[in-house]
$ cat start25.cif   # mmCIF, C-alpha atoms and all ligand atoms
data_query
#
loop_
_atom_site.label_atom_id
_atom_site.label_comp_id
_atom_site.auth_asym_id
_atom_site.auth_seq_id
_atom_site.Cartn_x
_atom_site.Cartn_y
_atom_site.Cartn_z
CA MET A 1 -23.02 -4.55 -9.37
CA LYS A 2 -22.92 -1.05 -7.88
CA LEU A 3 -19.72 -1.35 -5.86
CA PHE A 4 -16.55 -3.33 -6.50
CA THR A 5 -14.23 -3.16 -3.51
CA SER A 6 -13.62 -6.83 -2.68
CA VAL A 7 -14.55 -10.40 -3.53
CA ASN A 8 -17.51 -9.95 -1.18
CA ASP A 9 -19.14 -7.64 -3.76
CA VAL A 10 -19.17 -10.45 -6.33
CA GLN A 11 -22.25 -12.66 -6.57
CA ASP A 12 -20.43 -15.57 -8.26
CA ILE A 13 -16.67 -15.46 -8.87
CA ASN A 14 -16.77 -18.33 -11.38
CA THR A 15 -19.25 -16.43 -13.53
CA LEU A 16 -17.13 -13.27 -13.36
CA VAL A 17 -13.96 -15.19 -14.31
CA ALA A 18 -15.79 -16.89 -17.21
CA GLU A 19 -17.08 -13.48 -18.31
CA GLY A 20 -13.52 -12.09 -18.32
CA LEU A 21 -12.28 -14.99 -20.44
CA GLN A 22 -15.21 -14.62 -22.85
CA LEU A 23 -14.51 -10.87 -23.22
CA LYS A 24 -10.90 -11.73 -24.01
CA LYS A 25 -12.17 -13.77 -26.98
CA ASP A 26 -14.58 -11.07 -28.15
CA PRO A 27 -13.55 -7.69 -26.68
CA TYR A 28 -15.95 -5.47 -28.65
CA ALA A 29 -19.16 -7.51 -28.29
CA PHE A 30 -20.68 -5.00 -25.85
CA GLN A 31 -19.67 -1.68 -27.48
CA GLN A 32 -23.29 -0.47 -27.26
CA LEU A 33 -23.50 -1.06 -23.52
CA GLY A 34 -21.19 1.84 -22.68
CA LYS A 35 -22.37 4.25 -25.38
CA ASN A 36 -22.80 7.75 -23.92
CA LYS A 37 -21.58 6.54 -20.52
CA THR A 38 -18.49 7.99 -18.88
CA ILE A 39 -16.06 6.56 -16.34
CA GLY A 40 -13.85 8.84 -14.26
CA LEU A 41 -10.59 7.30 -13.05
CA VAL A 42 -9.26 9.14 -10.02
CA PHE A 43 -5.69 8.42 -8.92
CA LEU A 44 -4.36 9.58 -5.59
CA ASN A 45 -1.24 7.45 -6.24
CA PRO A 46 0.83 6.35 -9.27
CA SER A 47 -0.20 3.57 -11.66
CA LEU A 48 0.74 2.02 -14.99
CA ARG A 49 -1.29 -1.18 -15.31
CA THR A 50 -4.44 -0.23 -13.46
CA ARG A 51 -4.76 3.05 -15.28
CA MET A 52 -4.12 1.75 -18.79
CA SER A 53 -6.00 -1.56 -18.46
CA THR A 54 -9.11 0.07 -16.98
CA GLN A 55 -9.06 2.73 -19.70
CA LYS A 56 -8.76 0.02 -22.34
CA ALA A 57 -11.56 -2.02 -20.75
CA ALA A 58 -13.88 1.00 -20.69
CA LEU A 59 -13.06 1.89 -24.31
CA ASN A 60 -13.75 -1.72 -25.37
CA LEU A 61 -17.22 -1.30 -23.84
CA GLY A 62 -17.81 1.91 -25.79
CA MET A 63 -17.44 4.21 -22.77
CA ASN A 64 -15.88 7.64 -22.56
CA VAL A 65 -12.97 7.86 -20.13
CA MET A 66 -11.72 10.78 -18.04
CA VAL A 67 -8.63 10.47 -15.85
CA LEU A 68 -7.71 12.74 -12.94
CA ASN A 69 -4.32 12.37 -11.29
CA MET A 70 -5.67 13.93 -8.11
CA ASP A 71 -2.33 13.81 -6.28
CA LYS A 72 -0.63 15.94 -8.95
CA GLU A 73 -3.42 17.84 -10.72
CA GLY A 74 -6.24 18.11 -8.17
CA TRP A 75 -6.65 20.35 -5.13
CA ALA A 76 -5.23 19.10 -1.84
CA LEU A 77 -8.10 17.16 -0.25
CA GLU A 78 -9.45 17.36 3.31
CA MET A 79 -10.87 14.09 4.66
CA GLN A 80 -11.78 14.98 8.25
CA ASP A 81 -15.38 15.87 9.06
CA GLY A 82 -15.64 19.17 10.88
CA ALA A 83 -12.12 20.27 9.91
CA VAL A 84 -11.27 23.96 10.08
CA MET A 85 -9.57 24.20 6.70
CA ASN A 86 -7.07 26.93 7.46
CA GLY A 87 -4.05 24.73 6.59
CA ASN A 88 -2.84 23.12 3.36
CA SER A 89 -6.02 21.32 2.30
CA VAL A 90 -8.06 23.31 -0.23
CA GLU A 91 -11.15 21.21 -0.93
CA HIS A 92 -13.16 18.82 1.22
CA VAL A 93 -13.86 15.33 -0.11
CA LYS A 94 -17.58 16.05 0.42
CA GLU A 95 -17.56 18.57 -2.44
CA ALA A 96 -14.81 16.97 -4.53
CA ALA A 97 -16.45 13.52 -4.68
CA ALA A 98 -19.94 14.92 -5.14
CA VAL A 99 -18.80 17.14 -8.03
CA LEU A 100 -16.97 14.26 -9.73
CA GLY A 101 -20.23 12.29 -9.50
CA GLN A 102 -21.94 15.03 -11.53
CA TYR A 103 -19.64 14.41 -14.51
CA VAL A 104 -19.45 10.62 -14.73
CA ASP A 105 -21.60 7.48 -14.49
CA ILE A 106 -18.99 5.32 -12.73
CA ILE A 107 -15.96 6.36 -10.68
CA GLY A 108 -12.76 4.37 -10.16
CA ILE A 109 -10.54 5.37 -7.25
CA ARG A 110 -6.98 4.49 -6.28
CA SER A 111 -5.93 5.36 -2.77
CA PHE A 112 -2.92 3.78 -1.00
CA PRO A 113 -2.55 3.46 2.78
CA GLY A 114 -0.28 5.79 4.78
CA LEU A 115 1.17 2.72 6.62
CA LYS A 116 1.43 4.78 9.82
CA ASP A 117 -1.94 4.25 11.50
CA ARG A 118 -3.40 0.78 11.04
CA ASP A 119 -6.87 1.63 12.29
CA GLU A 120 -7.10 4.57 9.92
CA ASP A 121 -5.86 2.56 6.92
CA TYR A 122 -8.04 -0.46 7.67
CA SER A 123 -11.11 1.76 8.09
CA GLU A 124 -10.63 2.66 4.38
CA GLN A 125 -11.39 6.27 5.24
CA VAL A 126 -10.41 7.83 1.90
CA PHE A 127 -12.05 5.22 -0.29
CA ASN A 128 -15.23 5.09 1.77
CA LYS A 129 -15.62 8.88 1.78
CA PHE A 130 -15.54 8.90 -2.02
CA VAL A 131 -18.16 6.14 -2.05
CA GLN A 132 -20.28 8.04 0.48
CA TYR A 133 -20.28 11.36 -1.34
CA CYS A 134 -19.92 10.68 -5.09
CA GLY A 135 -23.44 9.28 -5.64
CA VAL A 136 -22.46 6.92 -8.49
CA PRO A 137 -21.17 3.31 -8.62
CA VAL A 138 -17.53 2.95 -7.56
CA VAL A 139 -14.84 0.49 -8.59
CA SER A 140 -11.69 0.14 -6.51
CA LEU A 141 -8.49 0.72 -8.45
CA GLU A 142 -6.66 -0.38 -5.25
CA SER A 143 -7.53 0.85 -1.82
CA ALA A 144 -5.64 0.86 1.48
CA THR A 145 -6.35 -2.82 2.16
CA ARG A 146 -7.38 -4.48 -1.11
CA HIS A 147 -6.68 -4.62 -4.87
CA PRO A 148 -9.66 -6.55 -6.23
CA LEU A 149 -9.15 -5.88 -9.97
CA GLN A 150 -5.64 -7.32 -9.61
CA SER A 151 -6.94 -10.38 -7.78
CA LEU A 152 -9.64 -10.99 -10.37
CA ALA A 153 -7.02 -10.77 -13.15
CA ASP A 154 -4.88 -13.22 -11.14
CA LEU A 155 -7.74 -15.69 -10.84
CA ILE A 156 -8.57 -15.31 -14.56
CA THR A 157 -4.90 -16.09 -15.31
CA ILE A 158 -4.88 -19.18 -13.10
CA GLU A 159 -8.13 -20.45 -14.61
CA GLU A 160 -6.79 -19.84 -18.12
CA LEU A 161 -3.41 -21.53 -17.64
CA LYS A 162 -4.06 -24.30 -15.10
CA THR A 163 -3.40 -27.89 -16.16
CA LYS A 164 -5.05 -29.52 -13.13
CA ASP A 165 -8.64 -29.21 -11.92
CA ARG A 166 -7.47 -28.01 -8.51
CA PRO A 167 -3.98 -26.47 -8.78
CA LYS A 168 -1.71 -25.69 -5.84
CA VAL A 169 -1.24 -21.93 -5.56
CA VAL A 170 1.46 -20.51 -3.27
CA LEU A 171 1.66 -16.88 -2.22
CA THR A 172 5.23 -16.32 -1.10
CA TRP A 173 6.55 -13.23 0.66
CA ALA A 174 9.52 -11.60 -1.08
CA PRO A 175 12.09 -9.07 0.11
CA HIS A 176 11.87 -5.38 -0.82
CA VAL A 177 13.76 -2.18 -0.05
CA LYS A 178 10.78 -0.26 1.29
CA ALA A 179 7.58 -0.81 3.21
CA LEU A 180 4.74 -1.82 0.88
CA PRO A 181 1.00 -2.09 1.58
CA GLN A 182 -0.74 -5.37 2.38
CA ALA A 183 -3.45 -4.67 -0.20
CA VAL A 184 -2.30 -7.09 -2.92
CA PRO A 185 -1.61 -10.09 -0.62
CA ASN A 186 -4.75 -9.42 1.44
CA SER A 187 -6.84 -9.35 -1.68
CA PHE A 188 -5.12 -12.30 -3.38
CA ALA A 189 -5.61 -14.38 -0.23
CA GLU A 190 -9.25 -13.40 0.04
CA TRP A 191 -9.94 -14.41 -3.58
CA MET A 192 -7.91 -17.63 -3.46
CA CYS A 193 -9.73 -18.73 -0.31
CA LYS A 194 -12.95 -18.62 -2.34
CA ALA A 195 -11.47 -20.23 -5.49
CA ASP A 196 -11.15 -23.91 -6.38
CA VAL A 197 -7.42 -24.14 -5.55
CA ASP A 198 -5.19 -25.49 -2.77
CA PHE A 199 -3.89 -22.24 -1.32
CA VAL A 200 -0.74 -21.87 0.77
CA ILE A 201 0.87 -18.70 2.14
CA ALA A 202 4.62 -18.81 2.88
CA GLN A 203 6.09 -15.94 4.88
CA PRO A 204 8.82 -15.20 7.41
CA LYS A 205 7.68 -14.93 11.04
CA GLY A 206 6.29 -11.48 11.71
CA TYR A 207 4.59 -11.02 8.35
CA GLU A 208 1.24 -12.59 9.25
CA LEU A 209 -1.61 -10.91 7.41
CA SER A 210 -4.89 -10.11 9.10
CA THR A 211 -6.92 -13.31 9.52
CA GLU A 212 -9.85 -11.41 8.00
CA PHE A 213 -8.26 -12.18 4.62
CA THR A 214 -6.51 -15.52 5.17
CA ASN A 215 -9.28 -17.63 6.65
CA GLY A 216 -9.07 -21.02 4.90
CA ALA A 217 -5.44 -20.69 3.75
CA THR A 218 -2.61 -22.95 4.89
CA ILE A 219 0.09 -20.73 6.38
CA THR A 220 3.73 -21.77 6.79
CA TYR A 221 7.07 -20.17 7.66
CA ASN A 222 8.92 -22.73 5.53
CA GLN A 223 9.21 -21.51 1.92
CA ASP A 224 10.71 -24.76 0.56
CA GLU A 225 7.91 -26.82 2.08
CA ALA A 226 5.32 -24.49 0.57
CA LEU A 227 6.89 -24.55 -2.90
CA LYS A 228 6.86 -28.36 -3.12
CA ASP A 229 4.59 -29.42 -6.02
CA ALA A 230 3.28 -25.88 -6.51
CA ASP A 231 1.59 -25.14 -9.85
CA PHE A 232 1.49 -21.36 -9.44
CA VAL A 233 3.82 -19.25 -7.29
CA TYR A 234 2.66 -15.71 -6.58
CA VAL A 235 5.58 -13.58 -5.42
CA LYS A 236 4.90 -10.42 -3.42
CA ASN A 237 6.39 -8.28 -0.70
CA TRP A 238 4.32 -6.76 2.05
CA SER A 239 5.14 -4.88 5.24
CA ALA A 240 4.21 -6.22 8.65
CA TYR A 241 0.66 -5.97 9.92
CA GLU A 242 2.03 -6.01 13.48
CA PRO A 243 4.16 -3.87 14.09
CA TYR A 244 2.16 -2.06 11.44
CA GLY A 245 3.87 -0.96 8.23
CA GLN A 246 7.35 -2.08 9.36
CA VAL A 247 10.07 -3.85 7.35
CA LEU A 248 11.59 -6.46 9.69
CA PRO A 249 15.36 -7.13 9.55
CA GLY A 250 16.74 -10.07 7.49
CA ASN A 251 14.90 -12.41 5.10
CA ALA A 252 16.83 -11.43 1.92
CA ASP A 253 17.04 -15.18 1.19
CA TRP A 254 13.28 -15.23 0.49
CA MET A 255 13.87 -13.94 -3.08
CA LEU A 256 12.51 -16.50 -5.56
CA THR A 257 15.36 -18.03 -7.57
CA ALA A 258 15.59 -20.67 -10.29
CA ASP A 259 16.95 -23.16 -7.73
CA LYS A 260 13.89 -22.70 -5.52
CA LEU A 261 11.62 -23.08 -8.53
CA LYS A 262 13.01 -26.61 -9.03
CA ILE A 263 11.09 -27.68 -5.90
CA THR A 264 7.80 -26.83 -7.62
CA ASP A 265 5.90 -28.74 -10.29
CA ASN A 266 7.42 -26.46 -12.96
CA ALA A 267 5.28 -23.69 -11.49
CA LYS A 268 4.16 -20.62 -13.33
CA VAL A 269 5.44 -17.51 -11.59
CA MET A 270 3.14 -14.58 -10.97
CA HIS A 271 3.65 -11.03 -9.66
CA CYS A 272 1.30 -8.06 -9.81
CA LEU A 273 4.12 -5.73 -11.01
CA PRO A 274 5.97 -3.43 -10.74
CA VAL A 275 8.70 -5.83 -9.59
CA ARG A 276 12.19 -5.08 -8.21
CA ARG A 277 14.45 -7.38 -10.22
CA ASN A 278 17.01 -9.34 -8.20
CA VAL A 279 15.39 -8.22 -4.96
CA GLU A 280 11.95 -9.82 -5.11
CA LEU A 281 12.53 -12.09 -8.10
CA SER A 282 15.77 -13.02 -9.86
CA ASP A 283 16.42 -12.12 -13.51
CA GLU A 284 16.70 -15.81 -14.35
CA VAL A 285 13.17 -16.47 -13.11
CA LEU A 286 11.61 -13.34 -14.59
CA ASP A 287 13.23 -14.01 -17.97
CA SER A 288 12.37 -17.72 -17.98
CA ASP A 289 9.41 -19.48 -19.59
CA ASN A 290 7.98 -20.00 -16.10
CA SER A 291 7.26 -16.31 -15.71
CA ILE A 292 3.74 -15.27 -16.68
CA VAL A 293 3.87 -11.78 -15.20
CA VAL A 294 3.29 -9.95 -18.50
CA HIS A 295 0.47 -12.29 -19.51
CA GLU A 296 -1.05 -11.71 -16.07
CA ALA A 297 -0.83 -7.93 -16.52
CA GLY A 298 -2.50 -8.31 -19.91
CA ASN A 299 -5.43 -10.01 -18.20
CA ARG A 300 -6.02 -6.85 -16.15
CA VAL A 301 -8.03 -5.60 -19.16
CA TRP A 302 -10.47 -8.53 -19.05
CA ALA A 303 -10.88 -8.32 -15.29
CA ALA A 304 -11.75 -4.63 -15.49
CA GLN A 305 -14.00 -5.18 -18.50
CA ALA A 306 -15.97 -7.97 -16.76
CA VAL A 307 -16.55 -5.74 -13.73
CA LEU A 308 -17.46 -2.62 -15.74
CA LYS A 309 -19.82 -4.70 -17.89
CA GLN A 310 -21.70 -5.86 -14.78
CA MET A 311 -21.83 -2.28 -13.49
CA LEU A 312 -23.12 -0.91 -16.80
CA GLU A 313 -25.83 -3.60 -16.86
CA ASN A 314 -27.04 -2.27 -13.51
CA LEU A 315 -26.94 1.49 -14.19
N1 LIG B 1 -0.36 -4.09 -10.42
C1 LIG B 1 -0.72 -2.79 -10.46
O1 LIG B 1 -1.74 -2.38 -9.87
O2 LIG B 1 0.09 -2.00 -11.21
P1 LIG B 1 0.03 -0.42 -11.23
O3 LIG B 1 0.35 0.05 -9.82
O4 LIG B 1 1.05 0.02 -12.23
O5 LIG B 1 -1.35 0.02 -11.59
#
$ encode --input "start25.cif" --output "structure tokens" --more "lines below"
Ligand code: CP
Amino acid sequence: MKLFTSVNDVQDINTLVAEGLQLKKDPYAFQQLGKNKTIGLVFLNPSLRTRMSTQKAALNLGMNVMVLNMDKEGWALEMQDGAVMNGNSVEHVKEAAAVLGQYVDIIGIRSFPGLKDRDEDYSEQVFNKFVQYCGVPVVSLESATRHPLQSLADLITIEELKTKDRPKVVLTWAPHVKALPQAVPNSFAEWMCKADVDFVIAQPKGYELSTEFTNGATITYNQDEALKDADFVYVKNWSAYEPYGQVLPGNADWMLTADKLKITDNAKVMHCLPVRRNVELSDEVLDSDNSIVVHEAGNRVWAAQAVLKQMLENL
């Protein structure tokens, strides 16, 4: 694997999930694979889980790790080709990415969307320019439209904890105080549509995701109907795709509560974190035995390690 930006970069998701679970059992089995190899983790936005889990995964594989918080510590980047750089931007991505590629064997990049211009965000301009100019394999640490390491960890978690061959997995929209990207739900939907699960998306009207990601999912505006007999409930807010990046009025009653959970088949509750308590998910749910959000975050290590292992094998 030379590029990990979406499920479409994965040859066989079942093999990758199995690899993640095997690495969880024996984390240091491939310490030699990453010897004298370096990964550079470049963050244009904040992170707790992605940063720490990817570092841990790389260290487990014997790699060296360098982290650059580009938004705080790097030069202000120019993305436009042909720009006359007489404003605030100091360095063009052409040089910045190419130079980073001189120091490392693999680059990880996190770059959120601006949520102002849908065409610009969905063209993945920032992420793709790094890929174009860095000259080394690239792993997405979350881009404008997808969060594949999160989705792989989610699928590893479902595979690990499922009690039925084909569980019912529900992605349910949740309220939030600010506009959030569609990257996590897009990506989760895209992976679930390829997994051996019955996948349902529940959302208020107006929060339809791009069909590019939801092809094969059952979509409903009725949360109670969706939750019936669910085995896993994935809770997540996202802003509207149309009108782009907007928070629509109302829908506070979409927060997942213990009462709503009673409709499910004692479902396990997932969230990518960070979570706004008592806005997206109630305390009683998050603090209950149904919540697997910390376990899920722990599995971020094995997702990253499975991907980095495949990349190292192809260097
Ligand atoms: N879920 C996730 O990506 O968390 P961070 O933003 O903290 O990395």
$ closest_residue --input "start25.cif" --among "A:Trp254, A:Tyr221, A:Phe188, A:Phe232" --to "ligand LIG 1 (chain B)" --atoms "only C-alpha atoms and all ligand atoms"
A:Phe188
$ residues_around --input "start25.cif" --residues "Ser111 of chain A" --least-positions-apart "3" --cutoff "7 Å" --atoms "all atoms listed in the file" --output "tab-separated table (two decimals) with C-alpha atoms, in the frame of the given file"
chain	number	residue	atom	x	y	z
A	43	PHE	CA	-5.69	8.42	-8.92
A	44	LEU	CA	-4.36	9.58	-5.59
A	45	ASN	CA	-1.24	7.45	-6.24
A	126	VAL	CA	-10.41	7.83	1.90
A	127	PHE	CA	-12.05	5.22	-0.29
A	142	GLU	CA	-6.66	-0.38	-5.25
A	143	SER	CA	-7.53	0.85	-1.82
A	144	ALA	CA	-5.64	0.86	1.48
$ closest_residue --input "start25.cif" --among "A:Glu190, A:Asp117, A:Glu124, A:Glu95" --to "Leu152 of chain A" --atoms "only C-alpha atoms"
A:Glu190
$ atom_distance --input "start25.cif" --atom1 "atom CA of Glu242 of chain A" --atom2 "atom CA of Lys178 of chain A"
16.1 Å
$ closest_atom_pairs --input "start25.cif" --of "chain A" --to "ligand LIG 1 (chain B)" --cutoff "8 Å" --atoms "all atoms listed in the file" --output "tab-separated table"
residue	atom	partner	partner_atom	distance
A:Pro46	CA	B:LIG1	O3	6.3
A:Ser47	CA	B:LIG1	O5	3.7
A:Leu48	CA	B:LIG1	O4	3.4
A:Arg49	CA	B:LIG1	O5	3.9
A:Thr50	CA	B:LIG1	O5	3.6
A:Arg51	CA	B:LIG1	O5	5.9
A:Met52	CA	B:LIG1	O5	7.9
A:Leu141	CA	B:LIG1	O1	7.6
A:Glu142	CA	B:LIG1	O1	7.0
A:His147	CA	B:LIG1	O1	7.4
A:Gln150	CA	B:LIG1	N1	6.2
A:Cys272	CA	B:LIG1	N1	4.3
A:Leu273	CA	B:LIG1	N1	4.8
A:Pro274	CA	B:LIG1	O2	6.1
A:Ala297	CA	B:LIG1	N1	7.2
$ residues_around --input "start25.cif" --residues "segment 257-271 of chain A" --least-positions-apart "4" --cutoff "8 Å" --atoms "only C-alpha atoms" --output "list in words"
Asp224, Leu227, Lys228, Asp229, Ala230, Asp231, Phe232, Val233, Tyr234, Val235, Lys236, Val275, Leu281, Ser282, Glu284, Val285, Asn290, Ser291, Ile292, Val293 and Glu296 of chain A
$ closest_atom_pairs --input "start25.cif" --of "segment 74-189 of chain A" --to "segment 13-35 of chain A" --cutoff "8 Å" --atoms "only C-alpha atoms" --output "Markdown table"
| residue | atom | partner | partner_atom | distance |
| --- | --- | --- | --- | --- |
| A:Leu152 | CA | A:Val17 | CA | 7.2 |
| A:Leu155 | CA | A:Val17 | CA | 7.1 |
| A:Ile156 | CA | A:Val17 | CA | 5.4 |
| A:Glu159 | CA | A:Val17 | CA | 7.9 |
| A:Glu160 | CA | A:Leu21 | CA | 7.7 |
$ write_last_selection --input "start25.cif" --atoms "C-alpha atoms" --output "PDB file, in the coordinates of the input"
ATOM      1  CA  LEU A 152      -9.640 -10.990 -10.370  1.00  0.00           C
ATOM      2  CA  LEU A 155      -7.740 -15.690 -10.840  1.00  0.00           C
ATOM      3  CA  ILE A 156      -8.570 -15.310 -14.560  1.00  0.00           C
ATOM      4  CA  GLU A 159      -8.130 -20.450 -14.610  1.00  0.00           C
ATOM      5  CA  GLU A 160      -6.790 -19.840 -18.120  1.00  0.00           C
TER       6      GLU A 160
END
$ closest_residue --input "start25.cif" --among "A:Ser288, A:Thr5, A:Asn299, A:Asn86" --to "Val138 of chain A" --atoms "all atoms listed in the file"
A:Thr5
$ residues_around --input "start25.cif" --residues "Gly87 of chain A" --least-positions-apart "6" --cutoff "12 Å" --atoms "all atoms listed in the file" --output "number ranges by chain"
A: 76-78
$ axis_aligned_box --input "start25.cif" --around "segment 299-306 of chain A" --padding-each-side "3 Å" --output "AutoDock Vina command-line options"
--center_x -10.7 --center_y -7.3 --center_z -17.2 --size_x 16.5 --size_y 11.4 --size_z 9.9
$ atom_distance --input "start25.cif" --atom1 "atom CA of Pro167 of chain A" --atom2 "atom CA of Arg277 of chain A"
26.6 Å
$ closest_residue --input "start25.cif" --among "A:Lys309, A:Arg118, A:Ala202, A:Trp173" --to "Pro243 of chain A" --atoms "only C-alpha atoms"
A:Arg118
$ residues_around --input "start25.cif" --residues "Thr214 of chain A" --least-positions-apart "3" --cutoff "6 Å" --atoms "all atoms listed in the file" --output "PyMOL selection string"
chain A and resi 189+211+217
$ residues_around --input "start25.cif" --residues "Leu115 of chain A" --least-positions-apart "5" --cutoff "7 Å" --atoms "all atoms listed in the file" --output "ChimeraX atom specification"
/A:181,244-245
$ atom_distance --input "start25.cif" --atom1 "atom CA of His92 of chain A" --atom2 "atom CA of Asn69 of chain A"
16.6 Å
$ closest_residue --input "start25.cif" --among "A:Ala183, A:Val170, A:Met79, A:Val197" --to "Asn222 of chain A" --atoms "all atoms listed in the file"
A:Val170
$ closest_residue --input "start25.cif" --among "A:Ala57, A:Ile107, A:Val139, A:Ala179" --to "Ile39 of chain A" --atoms "all atoms listed in the file"
A:Ile107
$ residues_near_point --input "start25.cif" --point "(3.6, -8.2, 11.3)" --cutoff "10 Å" --atoms "all atoms listed in the file" --output "VMD selection string"
chain A and resid 204 to 210 238 to 248
